[in-house]
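See below for my_file-v2.pdb, which holds PDB, C-alpha atoms.
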```pdb
ATOM      1  CA  MET A  11      12.568  11.044 -16.926
ATOM      2  CA  GLY A  12      13.228  10.061 -20.540
ATOM      3  CA  ARG A  13      10.499   8.582 -22.655
ATOM      4  CA  PRO A  14      10.552   4.804 -22.032
ATOM      5  CA  GLU A  15      10.102   2.199 -24.718
ATOM      6  CA  CYS A  16       6.597   0.728 -24.937
ATOM      7  CA  GLN A  17       6.502  -2.782 -26.355
ATOM      8  CA  VAL A  18       3.063  -4.224 -27.073
ATOM      9  CA  LEU A  19       2.802  -8.017 -27.237
ATOM     10  CA  GLN A  20      -0.127  -9.990 -28.661
ATOM     11  CA  ASP A  21      -1.065 -13.656 -28.587
ATOM     12  CA  SER A  22      -3.770 -14.006 -31.210
ATOM     13  CA  ALA A  23      -2.881 -17.692 -31.728
ATOM     14  CA  GLY A  24      -3.153 -18.559 -28.023
ATOM     15  CA  LEU A  25       0.404 -19.911 -27.779
ATOM     16  CA  TRP A  26       1.273 -18.274 -24.465
ATOM     17  CA  LEU A  27      -1.190 -20.405 -22.532
ATOM     18  CA  GLU A  28       0.936 -23.512 -23.055
ATOM     19  CA  ALA A  29       3.071 -22.669 -19.993
ATOM     20  CA  LEU A  30       0.041 -23.214 -17.712
ATOM     21  CA  HIS A  31      -1.318 -26.374 -19.302
ATOM     22  CA  GLY A  32      -1.446 -29.107 -16.685
ATOM     23  CA  GLN A  33      -0.660 -26.579 -13.938
ATOM     24  CA  THR A  34      -2.757 -25.097 -11.134
ATOM     25  CA  VAL A  35      -3.313 -21.398 -10.514
ATOM     26  CA  ALA A  36      -4.285 -20.228  -7.036
ATOM     27  CA  ILE A  37      -6.371 -17.058  -6.929
ATOM     28  CA  VAL A  38      -6.102 -15.446  -3.507
ATOM     29  CA  GLY A  39      -9.054 -13.111  -3.088
ATOM     30  CA  PHE A  40     -12.374 -13.364  -4.921
ATOM     31  CA  GLY A  41     -13.469  -9.775  -5.323
ATOM     32  CA  ASN A  42     -13.790  -7.648  -8.440
ATOM     33  CA  GLN A  43     -10.518  -8.782 -10.025
ATOM     34  CA  GLY A  44     -10.144 -12.199  -8.394
ATOM     35  CA  ARG A  45     -13.502 -13.491  -9.604
ATOM     36  CA  ALA A  46     -12.847 -12.378 -13.189
ATOM     37  CA  HIS A  47      -9.353 -13.895 -13.251
ATOM     38  CA  ALA A  48     -10.607 -17.169 -11.800
ATOM     39  CA  LEU A  49     -13.519 -17.499 -14.234
ATOM     40  CA  ASN A  50     -11.491 -16.517 -17.292
ATOM     41  CA  LEU A  51      -8.625 -18.865 -16.454
ATOM     42  CA  ARG A  52     -11.030 -21.743 -15.829
ATOM     43  CA  ASP A  53     -12.781 -21.077 -19.120
ATOM     44  CA  SER A  54      -9.335 -21.154 -20.749
ATOM     45  CA  GLY A  55      -8.870 -24.717 -19.540
ATOM     46  CA  ILE A  56      -6.663 -24.046 -16.510
ATOM     47  CA  ARG A  57      -7.283 -25.642 -13.117
ATOM     48  CA  VAL A  58      -8.034 -22.861 -10.646
ATOM     49  CA  VAL A  59      -8.281 -23.014  -6.873
ATOM     50  CA  VAL A  60      -9.344 -20.090  -4.714
ATOM     51  CA  GLY A  61      -7.790 -19.148  -1.394
ATOM     52  CA  GLY A  62      -9.230 -17.056   1.420
ATOM     53  CA  ARG A  63      -9.987 -16.916   5.109
ATOM     54  CA  SER A  64     -12.158 -19.679   6.499
ATOM     55  CA  GLY A  65     -15.776 -18.554   6.689
ATOM     56  CA  SER A  66     -15.194 -15.479   4.524
ATOM     57  CA  THR A  67     -17.707 -14.182   2.004
ATOM     58  CA  ALA A  68     -15.031 -14.589  -0.675
ATOM     59  CA  ARG A  69     -14.791 -18.310   0.034
ATOM     60  CA  ALA A  70     -18.572 -18.616  -0.074
ATOM     61  CA  ALA A  71     -18.722 -16.731  -3.358
ATOM     62  CA  ALA A  72     -16.055 -18.961  -4.874
ATOM     63  CA  ARG A  73     -17.941 -22.039  -3.694
ATOM     64  CA  SER A  74     -21.114 -20.762  -5.315
ATOM     65  CA  GLU A  75     -19.203 -20.490  -8.607
ATOM     66  CA  ARG A  76     -18.141 -24.148  -8.197
ATOM     67  CA  PHE A  77     -14.473 -23.495  -7.499
ATOM     68  CA  GLU A  78     -12.318 -25.588  -5.213
ATOM     69  CA  GLU A  79     -11.695 -23.278  -2.253
ATOM     70  CA  PHE A  80      -9.178 -23.585   0.554
ATOM     71  CA  ASP A  81      -7.564 -21.617   3.340
ATOM     72  CA  THR A  82      -5.094 -19.122   1.855
ATOM     73  CA  ALA A  83      -1.920 -21.042   2.687
ATOM     74  CA  GLU A  84      -3.262 -24.363   1.476
ATOM     75  CA  ALA A  85      -4.385 -22.903  -1.837
ATOM     76  CA  ALA A  86      -0.954 -21.315  -2.296
ATOM     77  CA  SER A  87       0.771 -24.657  -1.659
ATOM     78  CA  LEU A  88      -1.068 -26.290  -4.568
ATOM     79  CA  ALA A  89      -0.152 -23.902  -7.360
ATOM     80  CA  ALA A  90       2.537 -23.156  -9.910
ATOM     81  CA  LEU A  91       1.255 -19.568 -10.055
ATOM     82  CA  VAL A  92      -0.234 -17.822  -7.024
ATOM     83  CA  ALA A  93      -2.099 -14.638  -7.991
ATOM     84  CA  LEU A  94      -2.823 -12.170  -5.193
ATOM     85  CA  CYS A  95      -6.041 -10.373  -6.138
ATOM     86  CA  VAL A  96      -6.484  -8.420  -2.914
ATOM     87  CA  PRO A  97      -6.662  -4.696  -2.069
ATOM     88  CA  ASP A  98      -3.308  -2.919  -1.943
ATOM     89  CA  HIS A  99      -3.433  -2.163   1.770
ATOM     90  CA  VAL A 100      -3.753  -5.834   2.803
ATOM     91  CA  ALA A 101      -1.320  -7.255   0.234
ATOM     92  CA  GLY A 102       1.590  -7.257   2.668
ATOM     93  CA  ASP A 103      -0.306  -9.186   5.331
ATOM     94  CA  VAL A 104      -1.636 -11.684   2.795
ATOM     95  CA  TRP A 105       1.838 -12.118   1.336
ATOM     96  CA  ALA A 106       3.181 -13.036   4.771
ATOM     97  CA  THR A 107       0.750 -15.967   4.766
ATOM     98  CA  VAL A 108       1.133 -16.920   1.114
ATOM     99  CA  GLU A 109       4.875 -16.879   0.487
ATOM    100  CA  PRO A 110       6.003 -19.392   3.133
ATOM    101  CA  ALA A 111       3.404 -21.870   1.879
ATOM    102  CA  MET A 112       4.368 -21.668  -1.792
ATOM    103  CA  ARG A 113       6.284 -24.393  -3.561
ATOM    104  CA  ALA A 114       9.942 -23.602  -4.166
ATOM    105  CA  ASP A 115       9.381 -23.289  -7.904
ATOM    106  CA  ALA A 116       6.066 -21.407  -7.711
ATOM    107  CA  VAL A 117       5.752 -17.902  -9.109
ATOM    108  CA  ALA A 118       3.880 -15.146  -7.279
ATOM    109  CA  GLY A 119       1.621 -12.824  -9.223
ATOM    110  CA  PHE A 120       0.083  -9.427  -8.471
ATOM    111  CA  VAL A 121      -2.742  -7.660 -10.301
ATOM    112  CA  CYS A 122      -1.282  -4.206  -9.691
ATOM    113  CA  GLY A 123       2.136  -2.761  -9.019
ATOM    114  CA  ALA A 124       1.578  -0.829  -5.789
ATOM    115  CA  PRO A 125       2.475  -3.601  -3.280
ATOM    116  CA  LEU A 126       5.707  -4.168  -5.192
ATOM    117  CA  ARG A 127       6.520  -0.506  -5.776
ATOM    118  CA  TYR A 128       5.970   0.520  -2.154
ATOM    119  CA  GLY A 129       7.804  -2.333  -0.489
ATOM    120  CA  LEU A 130       4.981  -4.430   0.938
ATOM    121  CA  VAL A 131       6.437  -7.573  -0.647
ATOM    122  CA  ALA A 132       9.863  -9.109  -0.160
ATOM    123  CA  ALA A 133      11.131 -12.574  -1.066
ATOM    124  CA  ALA A 134      14.299 -14.574  -1.521
ATOM    125  CA  PRO A 135      16.076 -14.084  -4.885
ATOM    126  CA  ALA A 136      14.986 -17.537  -6.057
ATOM    127  CA  ARG A 137      11.310 -16.545  -5.974
ATOM    128  CA  GLY A 138       9.837 -15.368  -9.262
ATOM    129  CA  ILE A 139       7.415 -12.456  -8.913
ATOM    130  CA  VAL A 140       5.326 -11.061 -11.770
ATOM    131  CA  MET A 141       2.561  -8.544 -12.328
ATOM    132  CA  VAL A 142      -0.326  -8.736 -14.785
ATOM    133  CA  ALA A 143      -2.496  -5.652 -14.386
ATOM    134  CA  PRO A 144      -5.581  -5.472 -16.632
ATOM    135  CA  LYS A 145      -6.422  -1.886 -17.462
ATOM    136  CA  GLY A 146     -10.040  -2.007 -16.404
ATOM    137  CA  PRO A 147     -12.298  -3.347 -13.664
ATOM    138  CA  GLY A 148     -12.871  -7.066 -13.252
ATOM    139  CA  SER A 149     -16.426  -6.795 -14.579
ATOM    140  CA  THR A 150     -15.106  -5.414 -17.880
ATOM    141  CA  LEU A 151     -12.345  -8.028 -18.013
ATOM    142  CA  ARG A 152     -14.945 -10.763 -17.641
ATOM    143  CA  LYS A 153     -17.468  -9.257 -20.053
ATOM    144  CA  ARG A 154     -14.937  -8.806 -22.839
ATOM    145  CA  PHE A 155     -13.617 -12.332 -22.313
ATOM    146  CA  THR A 156     -17.090 -13.834 -22.721
ATOM    147  CA  MET A 157     -17.427 -11.837 -25.938
ATOM    148  CA  GLY A 158     -14.247 -13.412 -27.308
ATOM    149  CA  GLN A 159     -12.344 -10.186 -26.768
ATOM    150  CA  GLY A 160      -9.921  -8.792 -24.179
ATOM    151  CA  ILE A 161      -8.695  -5.596 -22.592
ATOM    152  CA  PRO A 162      -5.080  -4.368 -22.516
ATOM    153  CA  ALA A 163      -2.861  -5.201 -19.568
ATOM    154  CA  LEU A 164       0.504  -4.141 -18.242
ATOM    155  CA  MET A 165       2.885  -7.002 -17.513
ATOM    156  CA  ALA A 166       6.120  -6.977 -15.543
ATOM    157  CA  VAL A 167       8.658  -9.468 -14.323
ATOM    158  CA  HIS A 168       9.430  -7.909 -10.947
ATOM    159  CA  ALA A 169      11.833 -10.672  -9.883
ATOM    160  CA  ALA A 170      13.061 -13.238 -12.393
ATOM    161  CA  GLY A 171      13.668 -15.949  -9.800
ATOM    162  CA  ALA A 172      15.691 -19.116 -10.319
ATOM    163  CA  ASP A 173      14.264 -19.723 -13.805
ATOM    164  CA  PRO A 174      13.764 -16.372 -15.568
ATOM    165  CA  LYS A 175      12.458 -17.926 -18.789
ATOM    166  CA  ARG A 176       9.766 -19.892 -16.940
ATOM    167  CA  THR A 177       8.821 -16.904 -14.764
ATOM    168  CA  ARG A 178       8.149 -14.736 -17.812
ATOM    169  CA  ALA A 179       6.334 -17.564 -19.591
ATOM    170  CA  LEU A 180       3.949 -17.982 -16.654
ATOM    171  CA  ALA A 181       3.234 -14.248 -16.645
ATOM    172  CA  LEU A 182       2.394 -14.317 -20.361
ATOM    173  CA  ALA A 183       0.269 -17.442 -19.888
ATOM    174  CA  TRP A 184      -1.667 -15.720 -17.111
ATOM    175  CA  ALA A 185      -2.266 -12.709 -19.367
ATOM    176  CA  ALA A 186      -3.427 -15.012 -22.152
ATOM    177  CA  GLY A 187      -5.670 -17.028 -19.842
ATOM    178  CA  ILE A 188      -7.625 -13.969 -18.752
ATOM    179  CA  GLY A 189      -7.988 -12.733 -22.340
ATOM    180  CA  CYS A 190      -5.566  -9.822 -22.348
ATOM    181  CA  GLY A 191      -3.358 -11.441 -24.964
ATOM    182  CA  ARG A 192      -6.214 -11.006 -27.435
ATOM    183  CA  SER A 193      -5.937  -7.217 -27.276
ATOM    184  CA  GLY A 194      -2.388  -6.476 -26.169
ATOM    185  CA  VAL A 195       0.035  -6.760 -23.282
ATOM    186  CA  ILE A 196       2.415  -3.891 -22.633
ATOM    187  CA  GLU A 197       5.647  -5.037 -21.046
ATOM    188  CA  SER A 198       6.553  -2.554 -18.339
ATOM    189  CA  THR A 199       7.544  -2.417 -14.658
ATOM    190  CA  SER A 200       5.591  -2.558 -11.422
ATOM    191  CA  ALA A 201       6.757   0.980 -10.592
ATOM    192  CA  VAL A 202       5.436   2.433 -13.849
ATOM    193  CA  GLU A 203       2.102   0.664 -13.409
ATOM    194  CA  ALA A 204       1.716   1.794  -9.804
ATOM    195  CA  GLU A 205       2.641   5.423 -10.398
ATOM    196  CA  THR A 206       0.560   5.912 -13.541
ATOM    197  CA  ASP A 207      -2.409   3.996 -12.114
ATOM    198  CA  LEU A 208      -2.543   5.897  -8.822
ATOM    199  CA  PHE A 209      -2.066   9.232 -10.563
ATOM    200  CA  GLY A 210      -4.711   8.537 -13.216
ATOM    201  CA  GLU A 211      -7.280   7.490 -10.607
ATOM    202  CA  GLN A 212      -6.716  10.674  -8.607
ATOM    203  CA  ALA A 213      -6.362  13.227 -11.382
ATOM    204  CA  VAL A 214      -9.017  12.013 -13.833
ATOM    205  CA  LEU A 215     -10.777   8.672 -13.476
ATOM    206  CA  CYS A 216     -12.105   9.016  -9.938
ATOM    207  CA  GLY A 217     -10.909  12.098  -8.062
ATOM    208  CA  GLY A 218     -11.020  14.618 -10.901
ATOM    209  CA  MET A 219     -14.122  13.217 -12.568
ATOM    210  CA  VAL A 220     -16.237  12.980  -9.418
ATOM    211  CA  HIS A 221     -15.451  16.463  -8.173
ATOM    212  CA  LEU A 222     -15.887  18.025 -11.621
ATOM    213  CA  MET A 223     -19.327  16.427 -11.964
ATOM    214  CA  GLN A 224     -20.329  17.499  -8.464
ATOM    215  CA  ALA A 225     -19.195  21.090  -8.995
ATOM    216  CA  ALA A 226     -21.014  21.391 -12.339
ATOM    217  CA  TYR A 227     -24.201  19.891 -10.890
ATOM    218  CA  ASP A 228     -24.043  22.275  -7.916
ATOM    219  CA  ALA A 229     -23.571  25.276 -10.217
ATOM    220  CA  LEU A 230     -26.722  24.472 -12.200
ATOM    221  CA  VAL A 231     -28.882  23.695  -9.169
ATOM    222  CA  ALA A 232     -27.694  26.833  -7.362
ATOM    223  CA  ALA A 233     -28.746  28.822 -10.434
ATOM    224  CA  GLY A 234     -32.270  27.389 -10.169
ATOM    225  CA  TYR A 235     -32.255  24.561 -12.697
ATOM    226  CA  PRO A 236     -34.077  21.285 -11.853
ATOM    227  CA  PRO A 237     -31.780  18.745 -10.141
ATOM    228  CA  GLU A 238     -32.781  15.939 -12.505
ATOM    229  CA  ILE A 239     -31.862  17.981 -15.573
ATOM    230  CA  ALA A 240     -28.601  19.050 -13.953
ATOM    231  CA  TYR A 241     -27.847  15.397 -13.225
ATOM    232  CA  ILE A 242     -28.537  14.322 -16.810
ATOM    233  CA  GLU A 243     -26.446  17.108 -18.326
ATOM    234  CA  CYS A 244     -23.424  16.954 -16.012
ATOM    235  CA  ILE A 245     -23.295  13.345 -14.828
ATOM    236  CA  HIS A 246     -25.486  10.892 -16.719
ATOM    237  CA  GLU A 247     -24.371  11.934 -20.212
ATOM    238  CA  LEU A 248     -20.703  11.603 -19.300
ATOM    239  CA  LYS A 249     -20.710   7.914 -20.237
ATOM    240  CA  GLN A 250     -21.853   8.649 -23.763
ATOM    241  CA  VAL A 251     -18.960  11.027 -24.374
ATOM    242  CA  ALA A 252     -16.493   8.753 -22.558
ATOM    243  CA  ASP A 253     -17.598   5.857 -24.754
ATOM    244  CA  LEU A 254     -16.803   7.923 -27.850
ATOM    245  CA  VAL A 255     -13.309   8.621 -26.520
ATOM    246  CA  TYR A 256     -12.917   4.943 -25.585
ATOM    247  CA  GLU A 257     -13.838   3.838 -29.088
ATOM    248  CA  HIS A 258     -12.413   6.631 -31.250
ATOM    249  CA  GLY A 259      -9.975   8.743 -29.222
ATOM    250  CA  ILE A 260     -10.337  12.439 -28.410
ATOM    251  CA  ALA A 261     -10.053  13.596 -32.040
ATOM    252  CA  GLY A 262     -12.621  10.991 -33.055
ATOM    253  CA  MET A 263     -14.962  12.099 -30.285
ATOM    254  CA  ARG A 264     -14.742  15.703 -31.489
ATOM    255  CA  GLU A 265     -15.839  14.576 -34.944
ATOM    256  CA  ARG A 266     -18.876  12.769 -33.523
ATOM    257  CA  VAL A 267     -20.344  15.375 -31.163
ATOM    258  CA  SER A 268     -22.217  18.476 -32.206
ATOM    259  CA  PRO A 269     -20.317  21.561 -33.422
ATOM    260  CA  THR A 270     -21.572  23.350 -30.306
ATOM    261  CA  ALA A 271     -20.132  20.691 -28.012
ATOM    262  CA  ALA A 272     -16.849  20.611 -29.917
ATOM    263  CA  PHE A 273     -16.583  24.419 -29.744
ATOM    264  CA  GLY A 274     -17.029  24.197 -25.976
ATOM    265  CA  ILE A 275     -13.954  21.986 -25.683
ATOM    266  CA  ASP A 276     -11.714  24.850 -26.774
ATOM    267  CA  GLU A 277     -13.794  27.656 -25.302
ATOM    268  CA  ALA A 278     -14.280  26.368 -21.756
ATOM    269  CA  GLY A 279     -11.718  23.578 -21.339
ATOM    270  CA  PRO A 280      -8.747  25.886 -20.709
ATOM    271  CA  VAL A 281     -10.828  27.840 -18.172
ATOM    272  CA  VAL A 282     -11.557  24.730 -16.111
ATOM    273  CA  VAL A 283      -8.142  23.133 -16.576
ATOM    274  CA  ASP A 284      -5.863  26.148 -16.194
ATOM    275  CA  ASP A 285      -2.274  26.570 -15.019
ATOM    276  CA  ARG A 286      -3.322  26.067 -11.399
ATOM    277  CA  THR A 287      -4.920  22.730 -12.286
ATOM    278  CA  ARG A 288      -1.811  21.641 -14.171
ATOM    279  CA  GLU A 289       0.403  22.528 -11.210
ATOM    280  CA  ALA A 290      -1.929  20.624  -8.894
ATOM    281  CA  MET A 291      -1.589  17.577 -11.146
ATOM    282  CA  LYS A 292       2.190  17.821 -10.960
ATOM    283  CA  ASP A 293       1.915  17.900  -7.172
ATOM    284  CA  LEU A 294      -0.386  14.853  -7.192
ATOM    285  CA  LEU A 295       2.102  12.942  -9.314
ATOM    286  CA  GLU A 296       4.953  13.873  -7.017
ATOM    287  CA  ARG A 297       2.971  12.646  -4.008
ATOM    288  CA  VAL A 298       2.543   9.309  -5.772
ATOM    289  CA  ARG A 299       6.191   9.038  -6.797
ATOM    290  CA  ASP A 300       7.666   9.941  -3.424
ATOM    291  CA  GLY A 301       5.283   7.611  -1.557
ATOM    292  CA  ARG A 302       3.235  10.154   0.372
ATOM    293  CA  PHE A 303      -0.068   9.143  -1.214
ATOM    294  CA  PHE A 304       0.430   5.451  -0.501
ATOM    295  CA  ALA A 305       1.580   6.245   3.030
ATOM    296  CA  ALA A 306      -1.631   8.226   3.595
ATOM    297  CA  LEU A 307      -3.685   5.298   2.273
ATOM    298  CA  MET A 308      -1.949   2.839   4.585
ATOM    299  CA  ALA A 309      -2.317   5.187   7.565
ATOM    300  CA  ASP A 310      -6.049   5.457   6.942
ATOM    301  CA  GLN A 311      -6.361   1.680   6.781
ATOM    302  CA  LEU A 312      -4.495   1.331  10.071
ATOM    303  CA  ASN A 313      -7.125   3.728  11.428
ATOM    304  CA  GLY A 314      -9.872   1.368  10.289
ATOM    305  CA  GLY A 315     -10.450   3.091   6.945
ATOM    306  CA  ARG A 316     -12.117   6.016   8.673
ATOM    307  CA  ARG A 317     -11.495   8.520   5.884
ATOM    308  CA  LEU A 318     -12.792   6.112   3.242
ATOM    309  CA  ARG A 319     -15.943   5.431   5.240
ATOM    310  CA  GLU A 320     -16.571   9.117   5.849
ATOM    311  CA  GLY A 321     -16.188   9.829   2.134
ATOM    312  CA  GLN A 322     -18.687   7.112   1.254
ATOM    313  CA  THR A 323     -21.158   8.367   3.852
ATOM    314  CA  GLN A 324     -20.890  11.926   2.551
ATOM    315  CA  ALA A 325     -21.317  10.785  -1.056
ATOM    316  CA  ALA A 326     -24.443   8.787  -0.205
ATOM    317  CA  ALA A 327     -25.963  11.800   1.539
ATOM    318  CA  MET A 328     -25.493  14.226  -1.356
ATOM    319  CA  THR A 329     -28.674  15.640  -2.858
ATOM    320  CA  LEU A 330     -27.547  14.695  -6.361
ATOM    321  CA  GLU A 331     -27.963  11.007  -5.422
ATOM    322  CA  GLN A 332     -31.743  11.418  -5.249
ATOM    323  CA  ALA A 333     -31.709  13.107  -8.642
ATOM    324  CA  GLY A 334     -29.621  10.225  -9.950
ATOM    325  CA  ARG A 335     -32.070   7.635  -8.653
ATOM    326  CA  THR A 336     -34.902   9.460 -10.383
ATOM    327  CA  VAL A 337     -33.014   9.558 -13.680
ATOM    328  CA  ARG A 338     -31.969   5.900 -13.504
ATOM    329  CA  ALA A 339     -35.545   4.853 -12.705
ATOM    330  CA  MET A 340     -36.438   6.128 -16.174
ATOM    331  CA  MET A 341     -34.159   3.388 -17.585
ATOM    332  CA  PRO A 342     -34.804   0.188 -15.599
ATOM    333  CA  TRP A 343     -32.687  -1.812 -18.027
ATOM    334  CA  LEU A 344     -29.567  -0.235 -16.477
ATOM    335  CA  ALA A 345     -29.989  -2.474 -13.425
ATOM    336  CA  GLN A 346     -29.957  -5.540 -15.675
ATOM    337  CA  GLU A 347     -26.888  -4.393 -17.606
ATOM    338  CA  SER A 348     -24.888  -3.741 -14.419
ATOM    339  CA  ARG A 349     -25.204  -7.313 -13.140
ATOM    340  CA  PRO A 350     -21.978  -9.387 -13.303
TER     341      PRO A 350
END
```
Go through the file and emit its structure as C-alpha cells.
Amino acid sequence: MGRPECQVLQDSAGLWLEALHGQTVAIVGFGNQGRAHALNLRDSGIRVVVGGRSGSTARAAARSERFEEFDTAEAASLAALVALCVPDHVAGDVWATVEPAMRADAVAGFVCGAPLRYGLVAAAPARGIVMVAPKGPGSTLRKRFTMGQGIPALMAVHAAGADPKRTRALALAWAAGIGCGRSGVIESTSAVEAETDLFGEQAVLCGGMVHLMQAAYDALVAAGYPPEIAYIECIHELKQVADLVYEHGIAGMRERVSPTAAFGIDEAGPVVVDDRTREAMKDLLERVRDGRFFAALMADQLNGGRRLREGQTQAAAMTLEQAGRTVRAMMPWLAQESRP
C-alpha cells in the first residue's frame, strides 16, 4: 500500500455549522459517544432528538438530559442527519430499522468505519452516508468541547448520495458541531478508519497495554515486591508518561523524563518489542484487513458476548485490582475527576 495523502481541515471560524442551521439531527444511541455528540450539537445551537428502544436506559438517560426522545424509527424520520452512535456489532440491526424510516434527502452518519468497512450497511445509491469518527472517547470529546477546545476526527463521505455537495457539507457541519473542527478533521475513508482503529486498539491502546501492564506487575509481585508498589510503578504511573506523549510527542516525552527513564527506552524497549512482537503485529493487522477479527467479534456477539463477559470477569478477579483500589483510595479526588 502506497502512502496515502492526509488532508487536515480546520474550521476555526465556525463556518461549517451553517449546513445544519435550522435542521434536526437524530442521535441513535445514547452511550459514551451518543451522549457527547448530542450535548455538543445542542450546545452548538442544533436541534437534537434522540432515538432508542422504548423503555431503554438510553432513552431514560436522554430524557434526564432534557432531550426529546423517540422510538428509533420515529427519531430517524425527523432528521436531516441521522447519526448512529451504537456498538459495531448491533449497527446492522439498527440500520435495518433506521434506513427505511429516513427522509429521502436525509444523510446517514456513523461514528466509526467498521459497520461500513465490513458490510453491515447497505443503501440505495441516492442515500448519502458519512462517517465522523472522533479520535477519543465520548467523555474526552465532551470535556474538550466544554473547555472551548476539540479533539481530532476522521471524516469520510462513504456514499455521496443524490446531492454530493450537501452530503459532504452535513458531514463537516456535524464535525464542527461536536467541536472537532476546532482542532482538525482528517478527510479519509471508512476503511482506513476501521482498519487503523481496530489495529491500534488491539496492538497498543487496549490489548497491548493491558497485557504489558499485567505481565510487568506479575513479574514484580512474583519477585517479592509489595503489590501496591508494583501497581504504582507498572500501571498507575502510565498515565503520567502517556500524558507527556499526548502533549509533546515521544521525543518531547524523552526530554521530560529522567535520564534513567530515557536510557531504559533504548536499553529495554527492543527486548520487550522484538522481532517476534513485530511479526505478531503484522499478523494482527492482517486479521483486521481480511475481516477475521471482525468476524470473530460478530460470532462472539451471536453467542451472547460470552468471550467478552468471561474476559471482564477474569479481569475483575485479578489480584492487581485490589492493589489498584488501595492506590486509588490514596487519591479520592480521582473519583470526582472521572465523573462525566
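With CA of Gly210 (chain A) on one side and CA of Leu151 (chain A) on the other, the separation reads 18.9 Å.
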Seminar exercise, completed: The residue from A:Cys16, A:Met112, A:Met165, A:Val267 with the smallest atom-to-atom distance to Asp253 (chain A), counting all atoms listed in the file, is A:Val267
Problem set entry | Selection as a ChimeraX atom specification: residues within 9 Å of (-7.7, -22.7, -28.1), counting all atoms listed in the file | /A:23-25,27,54-55
Using C-alpha atoms, can you write the selected residues to a file as a PDB file, keeping the file's coordinate frame?
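Here's the written file selection31.pdb:
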```pdb
ATOM      1  CA  ALA A  23      -2.881 -17.692 -31.728  1.00  0.00           C
ATOM      2  CA  GLY A  24      -3.153 -18.559 -28.023  1.00  0.00           C
ATOM      3  CA  LEU A  25       0.404 -19.911 -27.779  1.00  0.00           C
ATOM      4  CA  LEU A  27      -1.190 -20.405 -22.532  1.00  0.00           C
ATOM      5  CA  SER A  54      -9.335 -21.154 -20.749  1.00  0.00           C
ATOM      6  CA  GLY A  55      -8.870 -24.717 -19.540  1.00  0.00           C
TER       7      GLY A  55
END
```
For this session: State, in Å with one decimal place, the distance from CA of Val58 (chain A) to CA of Ala185 (chain A).
Result: 14.6 Å
Problem set entry | All residues 7 Å or closer to Val35 (chain A), all atoms listed in the file, same chain fewer than 3 positions away omitted, as number ranges by chain | A: 57-59, 89-92
Exercise. How many Å lie between CA of Ser149 (chain A) and CA of Gln346 (chain A), rounded to one decimal?
Worked result: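 Going from CA of Ser149 (chain A) over to CA of Gln346 (chain A), I get 13.6 Å.
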